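Undergrad: You'll find my_file36.csv just under this line, and it carries CSV, N, CA and C atoms.
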chain,number,residue,atom,x,y,z
A,17,MET,N,-17.0,7.5,-1.6
A,17,MET,CA,-15.9,8.2,-1.0
A,17,MET,C,-14.7,7.9,-2.0
A,18,SER,N,-13.8,8.9,-2.1
A,18,SER,CA,-12.7,8.8,-3.0
A,18,SER,C,-11.5,8.3,-2.2
A,19,LEU,N,-10.5,7.9,-3.0
A,19,LEU,CA,-9.2,7.5,-2.4
A,19,LEU,C,-8.7,8.5,-1.5
A,20,MET,N,-8.7,9.8,-1.9
A,20,MET,CA,-8.1,10.8,-1.1
A,20,MET,C,-8.9,11.0,0.2
A,21,ASP,N,-10.2,10.9,0.1
A,21,ASP,CA,-11.0,11.0,1.4
A,21,ASP,C,-10.7,9.8,2.3
A,22,GLU,N,-10.6,8.6,1.8
A,22,GLU,CA,-10.3,7.5,2.6
A,22,GLU,C,-8.9,7.6,3.3
A,23,LEU,N,-7.9,8.1,2.5
A,23,LEU,CA,-6.6,8.3,3.0
A,23,LEU,C,-6.6,9.3,4.1
A,24,LYS,N,-7.3,10.4,3.9
A,24,LYS,CA,-7.5,11.4,5.0
A,24,LYS,C,-8.0,10.8,6.3
A,25,ASP,N,-9.0,9.9,6.1
A,25,ASP,CA,-9.6,9.3,7.3
A,25,ASP,C,-8.6,8.4,8.0
A,26,LEU,N,-7.6,7.9,7.3
A,26,LEU,CA,-6.6,7.0,7.9
A,26,LEU,C,-5.4,7.8,8.4
A,27,GLY,N,-5.5,9.1,8.4
A,27,GLY,CA,-4.4,9.9,8.9
A,27,GLY,C,-3.4,10.5,7.9
A,28,VAL,N,-3.6,10.2,6.7
A,28,VAL,CA,-2.7,10.7,5.6
A,28,VAL,C,-3.0,12.2,5.4
A,29,ASN,N,-1.9,13.0,5.4
A,29,ASN,CA,-2.1,14.5,5.2
A,29,ASN,C,-2.1,14.8,3.7
A,30,VAL,N,-3.2,14.5,3.1
A,30,VAL,CA,-3.3,14.6,1.6
A,30,VAL,C,-3.1,16.0,1.2
A,31,ASP,N,-3.6,17.0,2.0
A,31,ASP,CA,-3.5,18.4,1.6
A,31,ASP,C,-2.0,18.8,1.5
A,32,GLU,N,-1.2,18.4,2.5
A,32,GLU,CA,0.2,18.7,2.6
A,32,GLU,C,0.9,18.0,1.4
A,33,ALA,N,0.5,16.8,1.1
A,33,ALA,CA,1.1,16.0,0.0
A,33,ALA,C,0.8,16.7,-1.3
A,34,LEU,N,-0.4,17.2,-1.5
A,34,LEU,CA,-0.8,17.8,-2.8
A,34,LEU,C,0.0,19.1,-3.0
A,35,LYS,N,0.3,19.8,-1.9
A,35,LYS,CA,1.2,21.0,-2.1
A,35,LYS,C,2.6,20.6,-2.6
A,36,ARG,N,3.1,19.5,-2.0
A,36,ARG,CA,4.4,18.9,-2.5
A,36,ARG,C,4.4,18.5,-3.9
A,37,PHE,N,3.2,18.0,-4.4
A,37,PHE,CA,3.0,17.6,-5.7
A,37,PHE,C,2.4,18.7,-6.6
A,38,MET,N,2.6,19.9,-6.2
A,38,MET,CA,2.1,21.1,-6.9
A,38,MET,C,0.6,21.0,-7.3
A,39,ASP,N,-0.2,20.5,-6.4
A,39,ASP,CA,-1.6,20.3,-6.5
A,39,ASP,C,-2.0,19.4,-7.7
A,40,ASN,N,-1.1,18.6,-8.1
A,40,ASN,CA,-1.4,17.6,-9.2
A,40,ASN,C,-1.9,16.3,-8.5
A,41,SER,N,-3.2,16.2,-8.3
A,41,SER,CA,-3.8,15.1,-7.6
A,41,SER,C,-3.6,13.8,-8.4
A,42,SER,N,-3.6,13.9,-9.7
A,42,SER,CA,-3.4,12.8,-10.6
A,42,SER,C,-2.1,12.1,-10.4
A,43,LEU,N,-1.0,13.0,-10.3
A,43,LEU,CA,0.3,12.5,-10.0
A,43,LEU,C,0.4,11.9,-8.7
A,44,TYR,N,-0.2,12.5,-7.7
A,44,TYR,CA,-0.1,12.0,-6.3
A,44,TYR,C,-0.8,10.6,-6.3
A,45,GLU,N,-1.9,10.5,-6.9
A,45,GLU,CA,-2.6,9.2,-6.9
A,45,GLU,C,-1.8,8.1,-7.5
A,46,ARG,N,-1.2,8.5,-8.7
A,46,ARG,CA,-0.3,7.5,-9.3
A,46,ARG,C,0.9,7.1,-8.4
A,47,MET,N,1.4,8.0,-7.7
A,47,MET,CA,2.5,7.7,-6.8
A,47,MET,C,2.1,6.9,-5.6
A,48,ILE,N,0.9,7.3,-5.0
A,48,ILE,CA,0.5,6.6,-3.8
A,48,ILE,C,0.1,5.1,-4.1
A,49,LEU,N,-0.3,4.9,-5.4
A,49,LEU,CA,-0.7,3.5,-5.8
A,49,LEU,C,0.6,2.6,-5.8
A,50,LYS,N,1.8,3.3,-5.9
A,50,LYS,CA,3.0,2.5,-5.9
A,50,LYS,C,3.5,2.2,-4.5
A,51,LEU,N,2.8,2.8,-3.5
A,51,LEU,CA,3.2,2.6,-2.2
A,51,LEU,C,3.1,1.1,-1.7
A,52,THR,N,2.2,0.4,-2.3
A,52,THR,CA,1.9,-1.0,-1.8
A,52,THR,C,3.2,-1.9,-2.2
A,53,SER,N,3.7,-1.7,-3.3
A,53,SER,CA,4.9,-2.5,-3.7
A,53,SER,C,6.1,-2.1,-2.9
A,54,ALA,N,6.2,-0.8,-2.6
A,54,ALA,CA,7.4,-0.4,-1.8
A,54,ALA,C,7.3,-1.0,-0.4
A,55,VAL,N,6.2,-1.0,0.2
A,55,VAL,CA,6.0,-1.5,1.5
A,55,VAL,C,6.3,-3.0,1.5
A,56,LYS,N,5.9,-3.7,0.5
A,56,LYS,CA,6.1,-5.1,0.4
A,56,LYS,C,7.6,-5.4,0.2
A,57,GLU,N,8.3,-4.7,-0.6
A,57,GLU,CA,9.7,-4.9,-0.9
A,57,GLU,C,10.6,-4.5,0.3
A,58,LEU,N,10.1,-3.6,1.1
A,58,LEU,CA,11.0,-3.0,2.2
A,58,LEU,C,10.5,-3.4,3.6
A,59,GLU,N,10.1,-4.6,3.7
A,59,GLU,CA,9.6,-5.1,5.0
A,59,GLU,C,10.7,-4.9,6.1
A,60,VAL,N,10.4,-4.7,7.3
A,60,VAL,CA,11.3,-4.5,8.4
A,60,VAL,C,11.3,-5.6,9.4
A,61,MET,N,10.1,-6.1,9.7
A,61,MET,CA,10.0,-7.1,10.7
A,61,MET,C,10.8,-8.3,10.5
A,62,PRO,N,10.8,-8.9,9.3
A,62,PRO,CA,11.6,-10.1,9.1
A,62,PRO,C,13.1,-9.9,9.5
A,63,TYR,N,13.6,-8.7,9.2
A,63,TYR,CA,15.0,-8.4,9.5
A,63,TYR,C,15.2,-8.2,11.0
A,64,LEU,N,14.2,-7.6,11.7
A,64,LEU,CA,14.3,-7.5,13.1
A,64,LEU,C,14.3,-8.8,13.8
A,65,GLU,N,13.4,-9.7,13.3
A,65,GLU,CA,13.3,-11.0,13.9
A,65,GLU,C,14.5,-11.9,13.7
A,66,SER,N,15.2,-11.7,12.5
A,66,SER,CA,16.3,-12.5,12.2
A,66,SER,C,17.7,-11.9,12.7
A,67,GLY,N,17.6,-10.7,13.3
A,67,GLY,CA,18.8,-10.1,13.8
A,67,GLY,C,19.6,-9.3,12.8
A,68,ASN,N,19.1,-9.2,11.6
A,68,ASN,CA,19.8,-8.4,10.6
A,68,ASN,C,19.4,-6.9,10.8
A,69,TYR,N,20.0,-6.3,11.8
A,69,TYR,CA,19.6,-4.9,12.2
A,69,TYR,C,20.0,-3.9,11.1
A,70,ASP,N,21.1,-4.2,10.4
A,70,ASP,CA,21.5,-3.2,9.4
A,70,ASP,C,20.5,-3.1,8.3
A,71,LYS,N,19.9,-4.3,7.9
A,71,LYS,CA,18.9,-4.2,6.8
A,71,LYS,C,17.6,-3.6,7.3
A,72,ALA,N,17.3,-3.9,8.6
A,72,ALA,CA,16.1,-3.3,9.2
A,72,ALA,C,16.2,-1.8,9.2
A,73,LEU,N,17.4,-1.3,9.6
A,73,LEU,CA,17.7,0.1,9.7
A,73,LEU,C,17.6,0.7,8.2
A,74,GLU,N,18.2,0.0,7.3
A,74,GLU,CA,18.1,0.5,5.9
A,74,GLU,C,16.7,0.6,5.4
A,75,ASN,N,15.9,-0.4,5.6
A,75,ASN,CA,14.5,-0.4,5.1
A,75,ASN,C,13.7,0.6,5.8
A,76,SER,N,13.9,0.7,7.1
A,76,SER,CA,13.2,1.7,7.9
A,76,SER,C,13.5,3.1,7.4
A,77,HIS,N,14.8,3.4,7.1
A,77,HIS,CA,15.2,4.7,6.6
A,77,HIS,C,14.5,5.0,5.3
A,78,THR,N,14.5,4.0,4.4
A,78,THR,CA,13.8,4.2,3.1
A,78,THR,C,12.3,4.4,3.2
A,79,LEU,N,11.7,3.6,4.1
A,79,LEU,CA,10.2,3.8,4.3
A,79,LEU,C,9.9,5.1,4.9
A,80,LYS,N,10.7,5.6,5.8
A,80,LYS,CA,10.5,6.9,6.5
A,80,LYS,C,10.5,8.0,5.4
A,81,GLY,N,11.5,7.9,4.5
A,81,GLY,CA,11.5,8.9,3.4
A,81,GLY,C,10.3,8.8,2.5
A,82,ILE,N,9.9,7.6,2.1
A,82,ILE,CA,8.7,7.4,1.2
A,82,ILE,C,7.5,8.0,1.9
A,83,MET,N,7.3,7.6,3.2
A,83,MET,CA,6.1,8.0,3.9
A,83,MET,C,6.1,9.5,4.1
A,84,GLY,N,7.3,10.1,4.3
A,84,GLY,CA,7.3,11.5,4.5
A,84,GLY,C,7.0,12.3,3.2
A,85,ASN,N,7.5,11.8,2.1
A,85,ASN,CA,7.2,12.4,0.8
A,85,ASN,C,5.8,12.3,0.4
A,86,MET,N,5.1,11.2,0.8
A,86,MET,CA,3.7,11.0,0.5
A,86,MET,C,2.8,11.5,1.6
A,87,SER,N,3.4,12.0,2.6
A,87,SER,CA,2.6,12.6,3.8
A,87,SER,C,1.7,11.5,4.4
A,88,VAL,N,2.2,10.3,4.5
A,88,VAL,CA,1.5,9.2,5.2
A,88,VAL,C,2.0,9.4,6.7
A,89,THR,N,1.5,10.4,7.3
A,89,THR,CA,1.9,10.8,8.6
A,89,THR,C,2.1,9.8,9.7
A,90,PRO,N,1.0,8.9,9.9
A,90,PRO,CA,1.2,7.9,11.0
A,90,PRO,C,2.4,7.0,10.8
A,91,LEU,N,2.6,6.6,9.5
A,91,LEU,CA,3.7,5.7,9.2
A,91,LEU,C,5.0,6.4,9.2
A,92,TYR,N,5.0,7.7,8.7
A,92,TYR,CA,6.2,8.5,8.8
A,92,TYR,C,6.7,8.6,10.2
A,93,ASN,N,5.8,9.0,11.1
A,93,ASN,CA,6.2,9.2,12.5
A,93,ASN,C,6.7,7.9,13.1
A,94,ALA,N,6.0,6.8,12.8
A,94,ALA,CA,6.5,5.5,13.4
A,94,ALA,C,7.8,5.1,12.8
A,95,TYR,N,8.0,5.2,11.5
A,95,TYR,CA,9.3,4.8,11.0
A,95,TYR,C,10.5,5.8,11.4
A,96,THR,N,10.1,7.0,11.7
A,96,THR,CA,11.1,7.9,12.3
A,96,THR,C,11.5,7.4,13.7
A,97,ASP,N,10.6,7.1,14.5
A,97,ASP,CA,10.9,6.5,15.8
A,97,ASP,C,11.6,5.2,15.7
A,98,ILE,N,11.2,4.3,14.8
A,98,ILE,CA,11.9,3.0,14.7
A,98,ILE,C,13.3,3.3,14.3
A,99,LEU,N,13.6,4.2,13.3
A,99,LEU,CA,14.9,4.4,12.9
A,99,LEU,C,15.8,5.0,14.0
A,100,THR,N,15.3,5.9,14.8
A,100,THR,CA,16.0,6.4,15.9
A,100,THR,C,16.4,5.3,16.9
A,101,LEU,N,15.4,4.4,17.2
A,101,LEU,CA,15.6,3.4,18.2
A,101,LEU,C,16.7,2.4,17.6
A,102,LEU,N,16.6,2.0,16.3
A,102,LEU,CA,17.6,1.1,15.8
A,102,LEU,C,19.0,1.7,15.8
A,103,ARG,N,19.1,3.0,15.5
A,103,ARG,CA,20.4,3.7,15.6
A,103,ARG,C,20.9,3.7,17.0
A,104,ASP,N,20.1,3.6,18.0
A,104,ASP,CA,20.5,3.6,19.4
A,104,ASP,C,20.6,2.1,19.9
A,105,ASN,N,20.5,1.2,19.0
A,105,ASN,CA,20.5,-0.3,19.4
A,105,ASN,C,19.4,-0.7,20.3
A,106,LYS,N,18.3,0.0,20.2
A,106,LYS,CA,17.1,-0.4,21.1
A,106,LYS,C,16.1,-1.2,20.2
A,107,THR,N,16.6,-2.4,19.8
A,107,THR,CA,15.8,-3.2,18.9
A,107,THR,C,14.5,-3.7,19.4
A,108,ASP,N,14.4,-4.0,20.7
A,108,ASP,CA,13.1,-4.5,21.2
A,108,ASP,C,12.1,-3.4,21.2
A,109,GLU,N,12.5,-2.2,21.5
A,109,GLU,CA,11.6,-1.0,21.5
A,109,GLU,C,11.1,-0.7,20.0
A,110,ALA,N,12.1,-0.8,19.1
A,110,ALA,CA,11.8,-0.6,17.7
A,110,ALA,C,10.7,-1.7,17.2
A,111,LYS,N,10.9,-2.9,17.6
A,111,LYS,CA,10.0,-4.0,17.2
A,111,LYS,C,8.6,-3.7,17.8
A,112,ASP,N,8.6,-3.2,19.0
A,112,ASP,CA,7.3,-2.9,19.7
A,112,ASP,C,6.5,-1.8,18.9
A,113,ILE,N,7.2,-0.8,18.5
A,113,ILE,CA,6.5,0.2,17.7
A,113,ILE,C,6.1,-0.3,16.4
A,114,LEU,N,6.9,-1.1,15.7
A,114,LEU,CA,6.6,-1.7,14.5
A,114,LEU,C,5.3,-2.6,14.6
A,115,LYS,N,5.3,-3.4,15.6
A,115,LYS,CA,4.1,-4.2,15.9
A,115,LYS,C,2.8,-3.4,16.0
A,116,LYS,N,2.9,-2.2,16.6
A,116,LYS,CA,1.8,-1.4,16.8
A,116,LYS,C,1.3,-0.7,15.5
A,117,ILE,N,2.3,-0.4,14.7
A,117,ILE,CA,2.0,0.4,13.5
A,117,ILE,C,1.6,-0.5,12.3
A,118,LEU,N,2.0,-1.8,12.3
A,118,LEU,CA,1.7,-2.7,11.2
A,118,LEU,C,0.2,-2.8,10.9
A,119,PRO,N,-0.7,-2.9,11.8
A,119,PRO,CA,-2.1,-2.9,11.5
A,119,PRO,C,-2.6,-1.6,10.8
A,120,ILE,N,-2.1,-0.5,11.2
A,120,ILE,CA,-2.4,0.8,10.5
A,120,ILE,C,-1.8,0.8,9.1
A,121,GLN,N,-0.6,0.3,9.0
A,121,GLN,CA,0.0,0.2,7.7
A,121,GLN,C,-0.8,-0.7,6.8
A,122,GLU,N,-1.3,-1.8,7.3
A,122,GLU,CA,-2.1,-2.7,6.5
A,122,GLU,C,-3.4,-2.1,6.1
A,123,LYS,N,-4.0,-1.3,6.9
A,123,LYS,CA,-5.3,-0.6,6.6
A,123,LYS,C,-5.0,0.4,5.4
A,124,ILE,N,-3.9,1.1,5.5
A,124,ILE,CA,-3.6,2.1,4.5
A,124,ILE,C,-3.3,1.4,3.1
A,125,ILE,N,-2.6,0.3,3.2
A,125,ILE,CA,-2.2,-0.5,2.0
A,125,ILE,C,-3.5,-1.1,1.4
A,126,SER,N,-4.4,-1.6,2.3
A,126,SER,CA,-5.6,-2.2,1.8
A,126,SER,C,-6.5,-1.2,1.1
A,127,CYS,N,-6.5,0.0,1.7
A,127,CYS,CA,-7.3,1.1,1.1
A,127,CYS,C,-6.8,1.4,-0.3
A,128,ILE,N,-5.5,1.5,-0.4
A,128,ILE,CA,-4.9,1.9,-1.7
A,128,ILE,C,-5.1,0.7,-2.7
A,129,ASN,N,-5.0,-0.5,-2.2
A,129,ASN,CA,-5.3,-1.6,-3.1
A,129,ASN,C,-6.7,-1.7,-3.7
A,130,ASN,N,-7.6,-1.1,-2.9
A,130,ASN,CA,-9.0,-1.1,-3.4
A,130,ASN,C,-9.2,-0.2,-4.6
A,131,TYR,N,-8.2,0.7,-4.9
A,131,TYR,CA,-8.3,1.6,-6.0
A,131,TYR,C,-7.4,1.2,-7.2
A,132,LYS,N,-6.7,0.1,-7.1
A,132,LYS,CA,-5.8,-0.4,-8.2
A,132,LYS,C,-6.6,-1.0,-9.3
Please, can you express the file's structure as structure tokens?

TA:
Amino acid sequence: MSLMDELKDLGVNVDEALKRFMDNSSLYERMILKLTSAVKELEVMPYLESGNYDKALENSHTLKGIMGNMSVTPLYNAYTDILTLLRDNKTDEAKDILKKILPIQEKIISCINNYK
């Protein structure tokens, strides 16, 4: 099974992403391999737990954009919801969604790391 097939199985809309990348699968793969470092650098949970909601909001916003550009749909949808909740000062609800999505995010990152 290829990286693209595994990503599809995890809910990534690879076909949509490839359209955005002008059907250049090589470029898309190079970019998706960079996703692991972005996720590591832009963690949200530590900031939610420490009460730094501005940084949590900032990182959620950045991750939402990255996930949208890469068509990582499950994470894009979750970070969109988290961002909305943080903007509405509903931090507990945002944290709940993040807790639910982190295992899926880890599966996607683990899948990508298998191809590095």

Undergrad: Any idea what's packed within 6 Å of Thr52 (chain A), counting only N, CA and C atoms, ignoring anything in its chain fewer than 4 positions away? Could you give it as a PyMOL selection string?

TA: chain A and resi 48+56+125

Undergrad: Those selected residues, please, written with N, CA and C atoms and delivered as a JSON list (two decimals), in the coordinates of the input.

TA:
[["chain", "number", "residue", "atom", "x", "y", "z"],
["A", 48, "ILE", "N", 0.90, 7.30, -5.00],
["A", 48, "ILE", "CA", 0.50, 6.60, -3.80],
["A", 48, "ILE", "C", 0.10, 5.10, -4.10],
["A", 56, "LYS", "N", 5.90, -3.70, 0.50],
["A", 56, "LYS", "CA", 6.10, -5.10, 0.40],
["A", 56, "LYS", "C", 7.60, -5.40, 0.20],
["A", 125, "ILE", "N", -2.60, 0.30, 3.20],
["A", 125, "ILE", "CA", -2.20, -0.50, 2.00],
["A", 125, "ILE", "C", -3.50, -1.10, 1.40]]

Undergrad: Given the point (3.5, 13.2, 6.5) in the coordinates of this file, which residues lie within 12 Å, counting only C-alpha atoms, and how would they look as a ChimeraX atom specification?

TA: /A:23-24,26-36,79-96

Undergrad: Determine, counting only C-alpha atoms, which protein, DNA and RNA residues have an atom within 12 Å of an atom of Ser126 (chain A); residues of the same chain fewer than 5 positions away are not included. Present the result as a list in words.

TA: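 The contact residues come out as Leu19, Glu22, Leu23, Leu26, Leu49, Leu51, Thr52, Ser53, Val55, Leu118, Pro119, Ile120, Gln121, Tyr131 and Lys132 of chain A.
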
Undergrad: As a list in words, please: the residues near Leu101 (chain A) (cut-off 6 Å, all atoms listed in the file, same-chain neighbours under 5 positions excluded).

TA: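 Returned residues: Lys106, Thr107 and Ala110 of chain A.
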
Undergrad: In Å, with one decimal, what is the gap from CA of Arg103 (chain A) to CA of Ile117 (chain A)?

TA: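 CA of Arg103 (chain A) sits 18.8 Å away from CA of Ile117 (chain A).
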
Undergrad: Could you please determine the separation between atom C of Tyr69 (chain A) and CA of Leu102 (chain A) in Å, to one decimal place?

TA: 7.3 Å

Undergrad: Could you state the separation of CA of Tyr63 (chain A) and CA of Lys111 (chain A) in Å, given to one decimal place?

TA: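 Separation of CA of Tyr63 (chain A) and CA of Lys111 (chain A): 10.2 Å.
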
Undergrad: Centre and edge lengths, as lines of an AutoDock Vina configuration file, for the axis-aligned box enclosing every listed atom of region 93-97 of chain A with 4 Å of padding on each of the six sides, in Å to one decimal?

TA:
center_x = 8.7
center_y = 7.0
center_z = 13.4
size_x = 13.8
size_y = 12.4
size_z = 12.8

Undergrad: Using DSSP on the backbone coordinates, identify all residues within region 34-116 of chain A classified as alpha helix (DSSP H); present the result as a VMD selection string.

TA: chain A and resid 34 to 36 41 to 49 51 to 57 61 to 66 69 to 85 89 to 103 107 to 116

Undergrad: My list of candidates is A:Ile128, A:Asp25, A:Leu64, A:Glu45. Which is closest to Glu109 (chain A) when distances are computed with only C-alpha atoms?

TA: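 Selected residue with least distance to Glu109 (chain A): A:Leu64.
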
Undergrad: Point out the residue among A:Asp21, A:Asn129, A:Glu122, A:Leu114 with the least atom-to-atom distance to Met61 (chain A), counting only N, CA and C atoms.

TA: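 Of all the options, A:Leu114 lies closest to Met61 (chain A).
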
Undergrad: Which residue gives the smallest distance to Asp97 (chain A) among A:His77, A:Phe37, A:Met47, A:Met17, with only C-alpha atoms counted?

TA: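 Closest candidate: A:His77.
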